[in-house]
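Participant: This is the structure I want to talk about, given as structure tokens.
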Amino acid sequence: MINTDKAPTPTVQDFPTATLVLAGPWHRGHQLDTRPAVVVGPFGGPEFADSATMAVVWYFTLGAPEPGDNVQAMFPHELTPLDDTLTTMNHDVFRDIVCNLRRGRFAYDDGDVLRAAVRQAWRDRAGLTDADPAARHTLHRS
């Protein structure tokens, strides 16, 4: 018996913001070899999360985010999710993401949700998420 059931076609909803993926960026009409990237969000911004057909990804190994160069819209079938997360990934690579994120730019406000996710991952990595918020206040001198 031959099984004709097809695997479900991935959608943008399968790749939420901050998902680490492998994908091949496009350069001058040619798709390059796959490399790691992070999902910035649905193409068009968060308000299109339910209807977007493409996800915006940042190829962070290519430097600070710049639309067109290393920030591109990709179809979900072009993305392969990684098991790693911003919290569990290699420390040096995460540090590079943080530094490059500060230097780069995204079109419109596309990077706001990713920036928030990176800040949260930084707090998680530093062990600050379980800390008492009052313990983070600085002492005031009188």
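Ligands are numbered from 1 in the order shown, residues from 1 within each chain, and chains are lettered A, B, ... in the order they appear in the structure tokens.
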Mind checking which residues fall within 8 Å of Thr11 in chain A, counting only C-alpha atoms, ignoring those fewer than 5 positions away in the same chain, and posting them as a list of chain:residue names?
Facilitator: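 Listed by chain and then number, they are A:Thr53, A:Pro76, A:His77.
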Participant: For range 85-93 of chain A, find every residue with an atom within 10 Å (counting only C-alpha atoms), except residues of its own chain fewer than 5 positions away, and show them as a list in words.
Facilitator: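 The residues that qualify are Ala18, Thr19, Leu20, Val21, Val38, Phe60, Thr61, Val98, Cys99, Ala117, Val118, Arg119, Gln120, Ala121, Trp122, Arg123, Asp124, Arg125 and Ala126 of chain A.
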Participant: Just the helix (DSSP H, G or I) stuff from chain A, please, per backbone DSSP, written as a ChimeraX atom specification.
Facilitator: /A:12-14,46-48,60-62,76-78,91-103,112-126,133-136
Participant: Name the closest residue to Leu79 in chain A among the candidates A:His27, A:Arg35, A:Arg115, A:Arg105; distances are taken between atoms, counting only C-alpha atoms.
Facilitator: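 Using only C-alpha atoms, the shortest distance to Leu79 in chain A belongs to A:Arg35.
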Participant: Could you please write out, as a ChimeraX atom specification, every residue of chain A that DSSP assigns to strand (DSSP E or B)?
Facilitator: /A:20-23,26-27,30-31,35-42,55-58,67,71-74,80-81
Participant: Could you work out how far CA of Leu82 in chain A lies from CA of Ala55 in chain A, giving the answer in Å with one decimal?
Facilitator: 15.6 Å
Participant: Excluding range 67-75 of chain A and its own-chain neighbours fewer than 4 positions away, which residues fall within 10 Å of it when counting only C-alpha atoms? Please give them as a PyMOL selection string.
Facilitator: chain A and resi 10-12+23-27+37-44+52-63+79+104-107
Participant: With only C-alpha atoms as the atoms that count, which of A:Glu66, A:Glu78, A:Asp84, A:Asp14 lies nearest to Tyr108 in chain A?
Facilitator: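 Closest to Tyr108 in chain A of all the choices is A:Glu66.
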Participant: Rank A:Asp83, A:Ala64, A:Gly29, A:Pro16 by their smallest atom-to-atom distance to Leu101 in chain A, using only C-alpha atoms, and report the top residue only.
Facilitator: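 Residue with the minimum atom-to-atom distance to Leu101 in chain A: A:Ala64.
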